Amino acid sequence: MIISQKTSESCPLLYFNLQFFADKDSKTEKPTPRKRSKAREEGQVAKSIEINTAFLLIFMFSALKIFAPFIYKRLTSIFNNTYMLFPQLDNIFNIPSMLKFASHIFGQILIITAPLFAVSMIVGLSVNFVQVGWHPTLKPLKPNFSRLNPIKGFSRLFSKQALIELLKSIGKVSIITAIIYNSIVDEMKNILILMDMELMQFIIYVGSLAVNIGLRVGVFFLFIAAADYFFQRYEHEQNLKMTKEEVKEEYKMTEGNPQIKGKIRQKMREVSMRRMMKDMQKADVIITNPTHYAVAIQYDSNIHSAPIVLAKGIDYLAMRIKNIAKENNIEIVENKALARTLYQTVDIGEEIPPELYQAVAEVLAFVYSLKNSY
């Protein structure tokens with residue numbers, strides 16, 4: 001910690017380096033795409049179970065209301081068939097008859113529950129797909145023996161997540177109790193005359209009341225589900241946050257160590273430089289600034305349709321190009337404007353643009369005339 005003290009006529013002032021107190025392990029950085037992808041593969045997604053519960057309640061009780069005539073008809077058929085067997089009790093109490101009767105009853109129950117089962121499966125899959133998309137994984141099903149640790153299990157009982165789940169449970173129980181109580185109070189007049197109703201009227205009324213209560217509970221659950229969904233997204237984002245060190249390590253894993261990459265780039269530049277210096281020995285002329293720029297030009301009509309730049313450089317590299325040119329008896333021609341333009345507009349290995357044909361042709365013609373005069 002760095003402390004400096006300044007005094008004045010009024011009072012001394014202390015200045016602290018607050019960086020000393022910074023927590024290097026604090027998760028302050030947003031998660032990287034790789035961290036998000038890895039979390040998704042492990043089944044860690046922002047998902048609210050309350051949304052599933054709310055929509056299942058609404059659609060299941062709606063399905064009960066829609067399929068009530070179908071269910072009633074099937075149940076009536078089962079009771080009638082069973083009642084007709086009473087006179088034949090002496091003949092049906094044997095294993096083959098009982099198995100046949102049980103299979104018949106089981107088949108009828110499957111037929112009755114099939115629409116409800118189909119609705120629950122479609123709703124469950126659809127709600128999950130809307131929340132997290134399609135990315136099936138079996139990793140959450142793998143055994144995790146760390147969860148068997150009693151110390152960690154005990155600590156989870158008093159965690160923030162446990163407190164939130166407790167508050168949610170209290171809220172859900174309170175809502176359900178309030179809805180049931182208000183519904184019964186509203187229907188109290190009809191409930192008091194239930195004993196005077198016929199059996200079918202009694203069943204229809206109680207069933208209708210239960211369905212209406214279930215739908216009300218489902219609708220109110222949507223408010224809890226919406227709040228829980230945004231909370232789960234917030235918690236998921238907080239859990240995915242990374243420390244600065246984690247971001248650096250992940251960058252090294254994905255992009256490579258910057259120091260190693262720098263050395264690789266340096267080696268590549270050295271190899272490219274050696275290749276360029278070797279190729280420029282084939283040049284016909286070196287066009288210079290004369291002190292800052294140097295561009296090596298070659299023209300072979302059998303290979304290229306226009307002159308190409310074999311090498312180029314400024315300052316120290318330009319000096320090296322000129323030294324190699326002198327060692328290999330390559331002509332050096334001073335043309336400040338042309339040298340600067342070639343360096344800035346033409347890459348190594350490329351042909352010169354048409355607008356420079358005339359200027360380069362004049363330089364080449366001058367060089368060829370010098371060679372012919374020797």
# chains A, B, ... in the order shown; residues from 1 in each chain; ligands from 1
$ select_by_dssp --residues "region 229-362 of chain A" --states "helix (DSSP H, G or I)" --output "PDB file with N, CA and C atoms, in the first residue's frame"
ATOM      1  N   TYR A 229     -38.532 -15.941 -13.998  1.00  0.00           N
ATOM      2  CA  TYR A 229     -37.756 -16.077 -15.233  1.00  0.00           C
ATOM      3  C   TYR A 229     -36.682 -14.995 -15.322  1.00  0.00           C
ATOM      4  N   PHE A 230     -37.051 -13.751 -15.044  1.00  0.00           N
ATOM      5  CA  PHE A 230     -36.064 -12.662 -15.115  1.00  0.00           C
ATOM      6  C   PHE A 230     -35.014 -12.814 -14.016  1.00  0.00           C
ATOM      7  N   PHE A 231     -35.445 -13.311 -12.864  1.00  0.00           N
ATOM      8  CA  PHE A 231     -34.460 -13.539 -11.796  1.00  0.00           C
ATOM      9  C   PHE A 231     -33.477 -14.640 -12.192  1.00  0.00           C
ATOM     10  N   GLN A 232     -33.985 -15.722 -12.791  1.00  0.00           N
ATOM     11  CA  GLN A 232     -33.113 -16.822 -13.210  1.00  0.00           C
ATOM     12  C   GLN A 232     -32.123 -16.356 -14.273  1.00  0.00           C
ATOM     13  N   ARG A 233     -32.557 -15.510 -15.191  1.00  0.00           N
ATOM     14  CA  ARG A 233     -31.648 -14.966 -16.203  1.00  0.00           C
ATOM     15  C   ARG A 233     -30.563 -14.107 -15.545  1.00  0.00           C
ATOM     16  N   TYR A 234     -30.960 -13.303 -14.563  1.00  0.00           N
ATOM     17  CA  TYR A 234     -29.992 -12.468 -13.858  1.00  0.00           C
ATOM     18  C   TYR A 234     -28.988 -13.337 -13.098  1.00  0.00           C
ATOM     19  N   GLU A 235     -29.476 -14.350 -12.380  1.00  0.00           N
ATOM     20  CA  GLU A 235     -28.591 -15.238 -11.626  1.00  0.00           C
ATOM     21  C   GLU A 235     -27.658 -16.007 -12.552  1.00  0.00           C
ATOM     22  N   HIS A 236     -28.199 -16.455 -13.674  1.00  0.00           N
ATOM     23  CA  HIS A 236     -27.378 -17.193 -14.636  1.00  0.00           C
ATOM     24  C   HIS A 236     -26.250 -16.312 -15.171  1.00  0.00           C
ATOM     25  N   GLU A 237     -26.584 -15.059 -15.464  1.00  0.00           N
ATOM     26  CA  GLU A 237     -25.571 -14.132 -15.972  1.00  0.00           C
ATOM     27  C   GLU A 237     -24.505 -13.842 -14.909  1.00  0.00           C
ATOM     28  N   GLN A 238     -24.934 -13.706 -13.655  1.00  0.00           N
ATOM     29  CA  GLN A 238     -23.975 -13.467 -12.580  1.00  0.00           C
ATOM     30  C   GLN A 238     -23.056 -14.664 -12.367  1.00  0.00           C
ATOM     31  N   ASN A 239     -23.625 -15.869 -12.460  1.00  0.00           N
ATOM     32  CA  ASN A 239     -22.821 -17.082 -12.272  1.00  0.00           C
ATOM     33  C   ASN A 239     -21.810 -17.280 -13.396  1.00  0.00           C
ATOM     34  N   LEU A 240     -22.126 -16.788 -14.581  1.00  0.00           N
ATOM     35  CA  LEU A 240     -21.224 -16.958 -15.714  1.00  0.00           C
ATOM     36  C   LEU A 240     -20.108 -15.914 -15.760  1.00  0.00           C
ATOM     37  N   LYS A 244     -10.764 -11.295 -14.351  1.00  0.00           N
ATOM     38  CA  LYS A 244      -9.867 -10.834 -15.414  1.00  0.00           C
ATOM     39  C   LYS A 244      -8.858 -11.922 -15.771  1.00  0.00           C
ATOM     40  N   GLU A 245      -8.402 -12.672 -14.771  1.00  0.00           N
ATOM     41  CA  GLU A 245      -7.439 -13.748 -15.037  1.00  0.00           C
ATOM     42  C   GLU A 245      -8.062 -14.859 -15.874  1.00  0.00           C
ATOM     43  N   GLU A 246      -9.330 -15.183 -15.592  1.00  0.00           N
ATOM     44  CA  GLU A 246     -10.020 -16.216 -16.363  1.00  0.00           C
ATOM     45  C   GLU A 246     -10.170 -15.787 -17.824  1.00  0.00           C
ATOM     46  N   VAL A 247     -10.474 -14.510 -18.041  1.00  0.00           N
ATOM     47  CA  VAL A 247     -10.591 -14.006 -19.414  1.00  0.00           C
ATOM     48  C   VAL A 247      -9.254 -14.125 -20.130  1.00  0.00           C
ATOM     49  N   LYS A 248      -8.164 -13.773 -19.434  1.00  0.00           N
ATOM     50  CA  LYS A 248      -6.829 -13.865 -20.044  1.00  0.00           C
ATOM     51  C   LYS A 248      -6.485 -15.310 -20.376  1.00  0.00           C
ATOM     52  N   GLU A 249      -6.757 -16.226 -19.445  1.00  0.00           N
ATOM     53  CA  GLU A 249      -6.444 -17.636 -19.676  1.00  0.00           C
ATOM     54  C   GLU A 249      -7.257 -18.188 -20.832  1.00  0.00           C
ATOM     55  N   GLU A 250      -8.529 -17.799 -20.906  1.00  0.00           N
ATOM     56  CA  GLU A 250      -9.362 -18.296 -21.999  1.00  0.00           C
ATOM     57  C   GLU A 250      -8.895 -17.732 -23.334  1.00  0.00           C
ATOM     58  N   TYR A 251      -8.454 -16.486 -23.317  1.00  0.00           N
ATOM     59  CA  TYR A 251      -7.926 -15.901 -24.553  1.00  0.00           C
ATOM     60  C   TYR A 251      -6.693 -16.665 -25.020  1.00  0.00           C
ATOM     61  N   LYS A 252      -5.855 -17.062 -24.066  1.00  0.00           N
ATOM     62  CA  LYS A 252      -4.674 -17.848 -24.420  1.00  0.00           C
ATOM     63  C   LYS A 252      -5.066 -19.194 -25.008  1.00  0.00           C
ATOM     64  N   MET A 253      -6.121 -19.800 -24.455  1.00  0.00           N
ATOM     65  CA  MET A 253      -6.546 -21.111 -24.935  1.00  0.00           C
ATOM     66  C   MET A 253      -7.163 -21.046 -26.317  1.00  0.00           C
ATOM     67  N   THR A 254      -7.903 -19.963 -26.578  1.00  0.00           N
ATOM     68  CA  THR A 254      -8.604 -19.857 -27.858  1.00  0.00           C
ATOM     69  C   THR A 254      -7.751 -19.189 -28.934  1.00  0.00           C
ATOM     70  N   GLU A 255      -7.076 -18.111 -28.551  1.00  0.00           N
ATOM     71  CA  GLU A 255      -6.305 -17.341 -29.529  1.00  0.00           C
ATOM     72  C   GLU A 255      -4.815 -17.667 -29.499  1.00  0.00           C
ATOM     73  N   PRO A 258      -0.096 -14.693 -26.468  1.00  0.00           N
ATOM     74  CA  PRO A 258       0.354 -13.543 -27.268  1.00  0.00           C
ATOM     75  C   PRO A 258       1.863 -13.513 -27.487  1.00  0.00           C
ATOM     76  N   GLN A 259       2.649 -13.927 -26.477  1.00  0.00           N
ATOM     77  CA  GLN A 259       4.100 -13.918 -26.629  1.00  0.00           C
ATOM     78  C   GLN A 259       4.548 -14.931 -27.678  1.00  0.00           C
ATOM     79  N   ILE A 260       3.927 -16.126 -27.627  1.00  0.00           N
ATOM     80  CA  ILE A 260       4.282 -17.152 -28.615  1.00  0.00           C
ATOM     81  C   ILE A 260       3.860 -16.698 -30.010  1.00  0.00           C
ATOM     82  N   LYS A 261       2.640 -16.117 -30.101  1.00  0.00           N
ATOM     83  CA  LYS A 261       2.181 -15.644 -31.403  1.00  0.00           C
ATOM     84  C   LYS A 261       3.077 -14.535 -31.934  1.00  0.00           C
ATOM     85  N   GLY A 262       3.571 -13.668 -31.010  1.00  0.00           N
ATOM     86  CA  GLY A 262       4.481 -12.615 -31.441  1.00  0.00           C
ATOM     87  C   GLY A 262       5.781 -13.175 -31.987  1.00  0.00           C
ATOM     88  N   LYS A 263       6.308 -14.218 -31.330  1.00  0.00           N
ATOM     89  CA  LYS A 263       7.539 -14.841 -31.814  1.00  0.00           C
ATOM     90  C   LYS A 263       7.323 -15.518 -33.166  1.00  0.00           C
ATOM     91  N   ILE A 264       6.140 -16.147 -33.325  1.00  0.00           N
ATOM     92  CA  ILE A 264       5.836 -16.794 -34.609  1.00  0.00           C
ATOM     93  C   ILE A 264       5.771 -15.759 -35.723  1.00  0.00           C
ATOM     94  N   ARG A 265       5.095 -14.619 -35.427  1.00  0.00           N
ATOM     95  CA  ARG A 265       5.010 -13.569 -36.444  1.00  0.00           C
ATOM     96  C   ARG A 265       6.395 -13.021 -36.777  1.00  0.00           C
ATOM     97  N   GLN A 266       7.237 -12.896 -35.748  1.00  0.00           N
ATOM     98  CA  GLN A 266       8.594 -12.407 -35.991  1.00  0.00           C
ATOM     99  C   GLN A 266       9.362 -13.369 -36.882  1.00  0.00           C
ATOM    100  N   LYS A 267       9.244 -14.683 -36.611  1.00  0.00           N
ATOM    101  CA  LYS A 267       9.917 -15.682 -37.448  1.00  0.00           C
ATOM    102  C   LYS A 267       9.404 -15.626 -38.878  1.00  0.00           C
ATOM    103  N   MET A 268       8.087 -15.460 -39.025  1.00  0.00           N
ATOM    104  CA  MET A 268       7.511 -15.378 -40.361  1.00  0.00           C
ATOM    105  C   MET A 268       8.018 -14.150 -41.103  1.00  0.00           C
ATOM    106  N   ARG A 269       8.139 -13.026 -40.369  1.00  0.00           N
ATOM    107  CA  ARG A 269       8.668 -11.825 -41.017  1.00  0.00           C
ATOM    108  C   ARG A 269      10.121 -12.026 -41.454  1.00  0.00           C
ATOM    109  N   GLU A 270      10.893 -12.716 -40.600  1.00  0.00           N
ATOM    110  CA  GLU A 270      12.292 -12.975 -40.951  1.00  0.00           C
ATOM    111  C   GLU A 270      12.387 -13.860 -42.184  1.00  0.00           C
ATOM    112  N   VAL A 271      11.551 -14.912 -42.233  1.00  0.00           N
ATOM    113  CA  VAL A 271      11.561 -15.802 -43.401  1.00  0.00           C
ATOM    114  C   VAL A 271      11.136 -15.038 -44.646  1.00  0.00           C
ATOM    115  N   SER A 272      10.087 -14.211 -44.499  1.00  0.00           N
ATOM    116  CA  SER A 272       9.615 -13.422 -45.636  1.00  0.00           C
ATOM    117  C   SER A 272      10.683 -12.436 -46.110  1.00  0.00           C
ATOM    118  N   MET A 273      11.389 -11.852 -45.128  1.00  0.00           N
ATOM    119  CA  MET A 273      12.445 -10.912 -45.471  1.00  0.00           C
ATOM    120  C   MET A 273      13.570 -11.601 -46.254  1.00  0.00           C
ATOM    121  N   ARG A 274      13.985 -12.780 -45.776  1.00  0.00           N
ATOM    122  CA  ARG A 274      15.054 -13.503 -46.476  1.00  0.00           C
ATOM    123  C   ARG A 274      14.623 -13.887 -47.888  1.00  0.00           C
ATOM    124  N   ARG A 275      13.376 -14.299 -48.016  1.00  0.00           N
ATOM    125  CA  ARG A 275      12.876 -14.661 -49.341  1.00  0.00           C
ATOM    126  C   ARG A 275      12.825 -13.447 -50.254  1.00  0.00           C
ATOM    127  N   MET A 276      12.407 -12.300 -49.684  1.00  0.00           N
ATOM    128  CA  MET A 276      12.331 -11.083 -50.490  1.00  0.00           C
ATOM    129  C   MET A 276      13.726 -10.658 -50.951  1.00  0.00           C
ATOM    130  N   MET A 277      14.720 -10.733 -50.048  1.00  0.00           N
ATOM    131  CA  MET A 277      16.077 -10.334 -50.406  1.00  0.00           C
ATOM    132  C   MET A 277      16.677 -11.282 -51.448  1.00  0.00           C
ATOM    133  N   LYS A 278      16.286 -12.530 -51.364  1.00  0.00           N
ATOM    134  CA  LYS A 278      16.777 -13.499 -52.349  1.00  0.00           C
ATOM    135  C   LYS A 278      16.128 -13.253 -53.706  1.00  0.00           C
ATOM    136  N   ASP A 279      14.842 -12.942 -53.712  1.00  0.00           N
ATOM    137  CA  ASP A 279      14.136 -12.729 -54.973  1.00  0.00           C
ATOM    138  C   ASP A 279      14.592 -11.449 -55.672  1.00  0.00           C
ATOM    139  N   MET A 280      14.974 -10.448 -54.884  1.00  0.00           N
ATOM    140  CA  MET A 280      15.316  -9.170 -55.502  1.00  0.00           C
ATOM    141  C   MET A 280      16.621  -9.225 -56.308  1.00  0.00           C
ATOM    142  N   GLN A 281      17.354 -10.326 -56.142  1.00  0.00           N
ATOM    143  CA  GLN A 281      18.561 -10.484 -56.955  1.00  0.00           C
ATOM    144  C   GLN A 281      18.227 -10.642 -58.438  1.00  0.00           C
ATOM    145  N   LYS A 282      16.942 -10.949 -58.723  1.00  0.00           N
ATOM    146  CA  LYS A 282      16.492 -11.086 -60.112  1.00  0.00           C
ATOM    147  C   LYS A 282      15.989  -9.764 -60.678  1.00  0.00           C
ATOM    148  N   TYR A 316      16.197   1.778 -43.156  1.00  0.00           N
ATOM    149  CA  TYR A 316      17.220   0.745 -43.026  1.00  0.00           C
ATOM    150  C   TYR A 316      17.041  -0.350 -44.066  1.00  0.00           C
ATOM    151  N   LEU A 317      15.773  -0.787 -44.286  1.00  0.00           N
ATOM    152  CA  LEU A 317      15.523  -1.833 -45.278  1.00  0.00           C
ATOM    153  C   LEU A 317      15.843  -1.332 -46.678  1.00  0.00           C
ATOM    154  N   ALA A 318      15.575  -0.081 -46.957  1.00  0.00           N
ATOM    155  CA  ALA A 318      15.920   0.498 -48.261  1.00  0.00           C
ATOM    156  C   ALA A 318      17.434   0.479 -48.469  1.00  0.00           C
ATOM    157  N   MET A 319      18.171   0.751 -47.399  1.00  0.00           N
ATOM    158  CA  MET A 319      19.631   0.707 -47.499  1.00  0.00           C
ATOM    159  C   MET A 319      20.112  -0.711 -47.802  1.00  0.00           C
ATOM    160  N   ARG A 320      19.499  -1.706 -47.158  1.00  0.00           N
ATOM    161  CA  ARG A 320      19.891  -3.089 -47.414  1.00  0.00           C
ATOM    162  C   ARG A 320      19.595  -3.482 -48.856  1.00  0.00           C
ATOM    163  N   ILE A 321      18.435  -3.046 -49.367  1.00  0.00           N
ATOM    164  CA  ILE A 321      18.072  -3.356 -50.754  1.00  0.00           C
ATOM    165  C   ILE A 321      19.116  -2.763 -51.709  1.00  0.00           C
ATOM    166  N   LYS A 322      19.525  -1.527 -51.432  1.00  0.00           N
ATOM    167  CA  LYS A 322      20.516  -0.886 -52.313  1.00  0.00           C
ATOM    168  C   LYS A 322      21.874  -1.564 -52.203  1.00  0.00           C
ATOM    169  N   ASN A 323      22.261  -2.011 -51.017  1.00  0.00           N
ATOM    170  CA  ASN A 323      23.533  -2.716 -50.859  1.00  0.00           C
ATOM    171  C   ASN A 323      23.547  -4.035 -51.621  1.00  0.00           C
ATOM    172  N   ILE A 324      22.425  -4.780 -51.525  1.00  0.00           N
ATOM    173  CA  ILE A 324      22.334  -6.043 -52.269  1.00  0.00           C
ATOM    174  C   ILE A 324      22.354  -5.769 -53.772  1.00  0.00           C
ATOM    175  N   ALA A 325      21.713  -4.678 -54.181  1.00  0.00           N
ATOM    176  CA  ALA A 325      21.714  -4.320 -55.604  1.00  0.00           C
ATOM    177  C   ALA A 325      23.136  -4.044 -56.090  1.00  0.00           C
ATOM    178  N   LYS A 326      23.913  -3.342 -55.263  1.00  0.00           N
ATOM    179  CA  LYS A 326      25.300  -3.060 -55.645  1.00  0.00           C
ATOM    180  C   LYS A 326      26.112  -4.351 -55.726  1.00  0.00           C
ATOM    181  N   GLU A 327      25.878  -5.281 -54.778  1.00  0.00           N
ATOM    182  CA  GLU A 327      26.609  -6.549 -54.795  1.00  0.00           C
ATOM    183  C   GLU A 327      26.283  -7.371 -56.029  1.00  0.00           C
ATOM    184  N   LYS A 336      12.177  10.111 -57.091  1.00  0.00           N
ATOM    185  CA  LYS A 336      11.520  10.261 -55.790  1.00  0.00           C
ATOM    186  C   LYS A 336      10.013   9.982 -55.846  1.00  0.00           C
ATOM    187  N   ALA A 337       9.348  10.633 -56.761  1.00  0.00           N
ATOM    188  CA  ALA A 337       7.887  10.482 -56.830  1.00  0.00           C
ATOM    189  C   ALA A 337       7.488   9.053 -57.173  1.00  0.00           C
ATOM    190  N   LEU A 338       8.177   8.446 -58.141  1.00  0.00           N
ATOM    191  CA  LEU A 338       7.833   7.094 -58.561  1.00  0.00           C
ATOM    192  C   LEU A 338       8.131   6.079 -57.448  1.00  0.00           C
ATOM    193  N   ALA A 339       9.250   6.239 -56.766  1.00  0.00           N
ATOM    194  CA  ALA A 339       9.600   5.319 -55.684  1.00  0.00           C
ATOM    195  C   ALA A 339       8.566   5.372 -54.562  1.00  0.00           C
ATOM    196  N   ARG A 340       8.164   6.581 -54.193  1.00  0.00           N
ATOM    197  CA  ARG A 340       7.162   6.732 -53.137  1.00  0.00           C
ATOM    198  C   ARG A 340       5.816   6.136 -53.550  1.00  0.00           C
ATOM    199  N   THR A 341       5.405   6.388 -54.802  1.00  0.00           N
ATOM    200  CA  THR A 341       4.111   5.879 -55.281  1.00  0.00           C
ATOM    201  C   THR A 341       4.109   4.361 -55.354  1.00  0.00           C
ATOM    202  N   LEU A 342       5.176   3.773 -55.881  1.00  0.00           N
ATOM    203  CA  LEU A 342       5.261   2.306 -55.958  1.00  0.00           C
ATOM    204  C   LEU A 342       5.220   1.678 -54.565  1.00  0.00           C
ATOM    205  N   TYR A 343       5.929   2.269 -53.626  1.00  0.00           N
ATOM    206  CA  TYR A 343       5.968   1.715 -52.273  1.00  0.00           C
ATOM    207  C   TYR A 343       4.582   1.741 -51.624  1.00  0.00           C
ATOM    208  N   GLN A 344       3.843   2.829 -51.845  1.00  0.00           N
ATOM    209  CA  GLN A 344       2.563   3.002 -51.161  1.00  0.00           C
ATOM    210  C   GLN A 344       1.399   2.290 -51.839  1.00  0.00           C
ATOM    211  N   THR A 345       1.506   1.972 -53.130  1.00  0.00           N
ATOM    212  CA  THR A 345       0.346   1.444 -53.861  1.00  0.00           C
ATOM    213  C   THR A 345       0.492   0.006 -54.346  1.00  0.00           C
ATOM    214  N   PRO A 354      -1.751   0.158 -64.295  1.00  0.00           N
ATOM    215  CA  PRO A 354      -1.588   0.744 -65.645  1.00  0.00           C
ATOM    216  C   PRO A 354      -1.155   2.202 -65.635  1.00  0.00           C
ATOM    217  N   GLU A 355      -1.593   2.962 -64.610  1.00  0.00           N
ATOM    218  CA  GLU A 355      -1.244   4.384 -64.608  1.00  0.00           C
ATOM    219  C   GLU A 355       0.255   4.623 -64.390  1.00  0.00           C
ATOM    220  N   LEU A 356       0.982   3.584 -63.977  1.00  0.00           N
ATOM    221  CA  LEU A 356       2.430   3.733 -63.778  1.00  0.00           C
ATOM    222  C   LEU A 356       3.242   3.079 -64.891  1.00  0.00           C
ATOM    223  N   TYR A 357       2.548   2.512 -65.897  1.00  0.00           N
ATOM    224  CA  TYR A 357       3.269   1.841 -66.998  1.00  0.00           C
ATOM    225  C   TYR A 357       4.292   2.777 -67.642  1.00  0.00           C
ATOM    226  N   GLN A 358       3.836   3.996 -67.972  1.00  0.00           N
ATOM    227  CA  GLN A 358       4.689   4.927 -68.725  1.00  0.00           C
ATOM    228  C   GLN A 358       5.953   5.287 -67.939  1.00  0.00           C
ATOM    229  N   ALA A 359       5.775   5.605 -66.643  1.00  0.00           N
ATOM    230  CA  ALA A 359       6.925   6.018 -65.828  1.00  0.00           C
ATOM    231  C   ALA A 359       7.912   4.875 -65.642  1.00  0.00           C
ATOM    232  N   VAL A 360       7.408   3.660 -65.376  1.00  0.00           N
ATOM    233  CA  VAL A 360       8.298   2.512 -65.172  1.00  0.00           C
ATOM    234  C   VAL A 360       8.955   2.111 -66.483  1.00  0.00           C
ATOM    235  N   ALA A 361       8.188   2.206 -67.573  1.00  0.00           N
ATOM    236  CA  ALA A 361       8.758   1.850 -68.879  1.00  0.00           C
ATOM    237  C   ALA A 361       9.935   2.752 -69.225  1.00  0.00           C
ATOM    238  N   GLU A 362       9.825   4.036 -68.887  1.00  0.00           N
ATOM    239  CA  GLU A 362      10.935   4.970 -69.159  1.00  0.00           C
ATOM    240  C   GLU A 362      12.174   4.588 -68.348  1.00  0.00           C
TER     241      GLU A 362
END
$ residues_around --residues "region 67-78 of chain A" --least-positions-apart "2" --cutoff "12 Å" --atoms "only C-alpha atoms" --output "PyMOL selection string"
chain A and resi 59-65+80-85+101-102+104-116+119+200+203-204+207-208+211
$ write_last_selection --atoms "C-alpha atoms" --output "PDB file, in the first residue's frame"
ATOM      1  CA  PHE A  59     -53.368 -26.157 -20.495  1.00  0.00           C
ATOM      2  CA  MET A  60     -54.080 -29.252 -18.402  1.00  0.00           C
ATOM      3  CA  PHE A  61     -57.215 -27.786 -16.790  1.00  0.00           C
ATOM      4  CA  SER A  62     -58.276 -26.374 -20.171  1.00  0.00           C
ATOM      5  CA  ALA A  63     -57.847 -29.870 -21.629  1.00  0.00           C
ATOM      6  CA  LEU A  64     -59.916 -31.309 -18.788  1.00  0.00           C
ATOM      7  CA  LYS A  65     -62.669 -28.825 -19.623  1.00  0.00           C
ATOM      8  CA  ASN A  80     -71.640 -49.969 -16.944  1.00  0.00           C
ATOM      9  CA  ASN A  81     -69.511 -52.850 -18.180  1.00  0.00           C
ATOM     10  CA  THR A  82     -68.284 -53.534 -14.656  1.00  0.00           C
ATOM     11  CA  TYR A  83     -71.829 -53.403 -13.248  1.00  0.00           C
ATOM     12  CA  MET A  84     -73.063 -55.874 -15.897  1.00  0.00           C
ATOM     13  CA  LEU A  85     -70.473 -58.399 -14.688  1.00  0.00           C
ATOM     14  CA  PHE A 101     -60.919 -57.770 -17.283  1.00  0.00           C
ATOM     15  CA  ALA A 102     -57.785 -56.029 -15.933  1.00  0.00           C
ATOM     16  CA  HIS A 104     -59.639 -54.083 -20.591  1.00  0.00           C
ATOM     17  CA  ILE A 105     -59.755 -51.612 -17.683  1.00  0.00           C
ATOM     18  CA  PHE A 106     -56.086 -50.686 -18.204  1.00  0.00           C
ATOM     19  CA  GLY A 107     -56.692 -50.073 -21.915  1.00  0.00           C
ATOM     20  CA  GLN A 108     -59.661 -47.821 -21.171  1.00  0.00           C
ATOM     21  CA  ILE A 109     -57.634 -45.821 -18.630  1.00  0.00           C
ATOM     22  CA  LEU A 110     -54.883 -45.320 -21.238  1.00  0.00           C
ATOM     23  CA  ILE A 111     -57.462 -44.066 -23.738  1.00  0.00           C
ATOM     24  CA  ILE A 112     -58.887 -41.644 -21.147  1.00  0.00           C
ATOM     25  CA  THR A 113     -55.502 -40.272 -20.089  1.00  0.00           C
ATOM     26  CA  ALA A 114     -53.960 -40.184 -23.597  1.00  0.00           C
ATOM     27  CA  PRO A 115     -55.219 -36.649 -24.487  1.00  0.00           C
ATOM     28  CA  LEU A 116     -54.050 -35.249 -21.139  1.00  0.00           C
ATOM     29  CA  VAL A 119     -51.143 -32.073 -23.935  1.00  0.00           C
ATOM     30  CA  MET A 200     -74.518 -36.355 -11.865  1.00  0.00           C
ATOM     31  CA  ILE A 203     -70.138 -34.491 -10.091  1.00  0.00           C
ATOM     32  CA  ILE A 204     -70.508 -31.914 -12.878  1.00  0.00           C
ATOM     33  CA  GLY A 207     -65.625 -30.928 -11.508  1.00  0.00           C
ATOM     34  CA  SER A 208     -66.408 -27.525 -13.021  1.00  0.00           C
ATOM     35  CA  VAL A 211     -61.301 -26.802 -13.198  1.00  0.00           C
TER      36      VAL A 211
END
$ closest_residue --among "A:Val333, A:Ile224, A:Ile308, A:Ile352" --to "Ala365 (chain A)" --atoms "only C-alpha atoms"
A:Val333
$ closest_residue --among "A:Gln161, A:Ser26, A:Thr32, A:Asn52" --to "Gly218 (chain A)" --atoms "only C-alpha atoms"
A:Asn52
$ atom_distance --atom1 "CA of Ser48 (chain A)" --atom2 "CA of Ile66 (chain A)"
27.6 Å
$ residues_around --residues "region 126-136 of chain A" --least-positions-apart "3" --cutoff "8 Å" --atoms "only C-alpha atoms" --output "list in words"
Arg40, Glu41, Val45, Ala46, Lys47, Ile51, Asn52, Phe55, Ile122 and Val123 of chain A
$ write_last_selection --atoms "N, CA and C atoms" --output "short mmCIF file (atom, residue, chain, number, x, y, z; two decimals), in the first residue's frame"
data_model
loop_
_atom_site.label_atom_id
_atom_site.label_comp_id
_atom_site.auth_asym_id
_atom_site.auth_seq_id
_atom_site.Cartn_x
_atom_site.Cartn_y
_atom_site.Cartn_z
N ARG A 40 -23.66 -24.07 -21.65
CA ARG A 40 -24.85 -24.63 -22.31
C ARG A 40 -24.68 -26.13 -22.54
N GLU A 41 -23.46 -26.53 -22.93
CA GLU A 41 -23.20 -27.95 -23.14
C GLU A 41 -23.35 -28.74 -21.84
N VAL A 45 -28.36 -23.42 -18.09
CA VAL A 45 -29.10 -22.44 -18.89
C VAL A 45 -30.05 -21.67 -17.97
N ALA A 46 -30.47 -20.50 -18.43
CA ALA A 46 -31.43 -19.69 -17.67
C ALA A 46 -32.83 -20.21 -17.96
N LYS A 47 -33.37 -20.94 -17.00
CA LYS A 47 -34.69 -21.56 -17.20
C LYS A 47 -35.48 -21.49 -15.91
N ILE A 51 -42.45 -21.30 -15.00
CA ILE A 51 -43.14 -21.10 -16.29
C ILE A 51 -43.75 -22.42 -16.75
N ASN A 52 -43.00 -23.51 -16.62
CA ASN A 52 -43.55 -24.83 -16.95
C ASN A 52 -44.79 -25.12 -16.12
N PHE A 55 -47.91 -22.88 -17.24
CA PHE A 55 -48.52 -23.28 -18.51
C PHE A 55 -49.12 -24.68 -18.43
N ILE A 122 -46.61 -32.00 -24.97
CA ILE A 122 -46.43 -30.93 -25.96
C ILE A 122 -46.14 -29.60 -25.27
N VAL A 123 -46.89 -29.31 -24.21
CA VAL A 123 -46.69 -28.04 -23.49
C VAL A 123 -45.32 -28.01 -22.84
#
$ select_by_dssp --residues "region 112-312 of chain A" --states "strand (DSSP E)" --output "ChimeraX atom specification"
/A:285-288,293-298,308-312
$ closest_residue --among "A:Glu334, A:Tyr368, A:Gly124, A:Pro307" --to "Val346 (chain A)" --atoms "only C-alpha atoms"
A:Pro307
$ atom_distance --atom1 "CA of Ile213 (chain A)" --atom2 "CA of Ile170 (chain A)"
18.8 Å
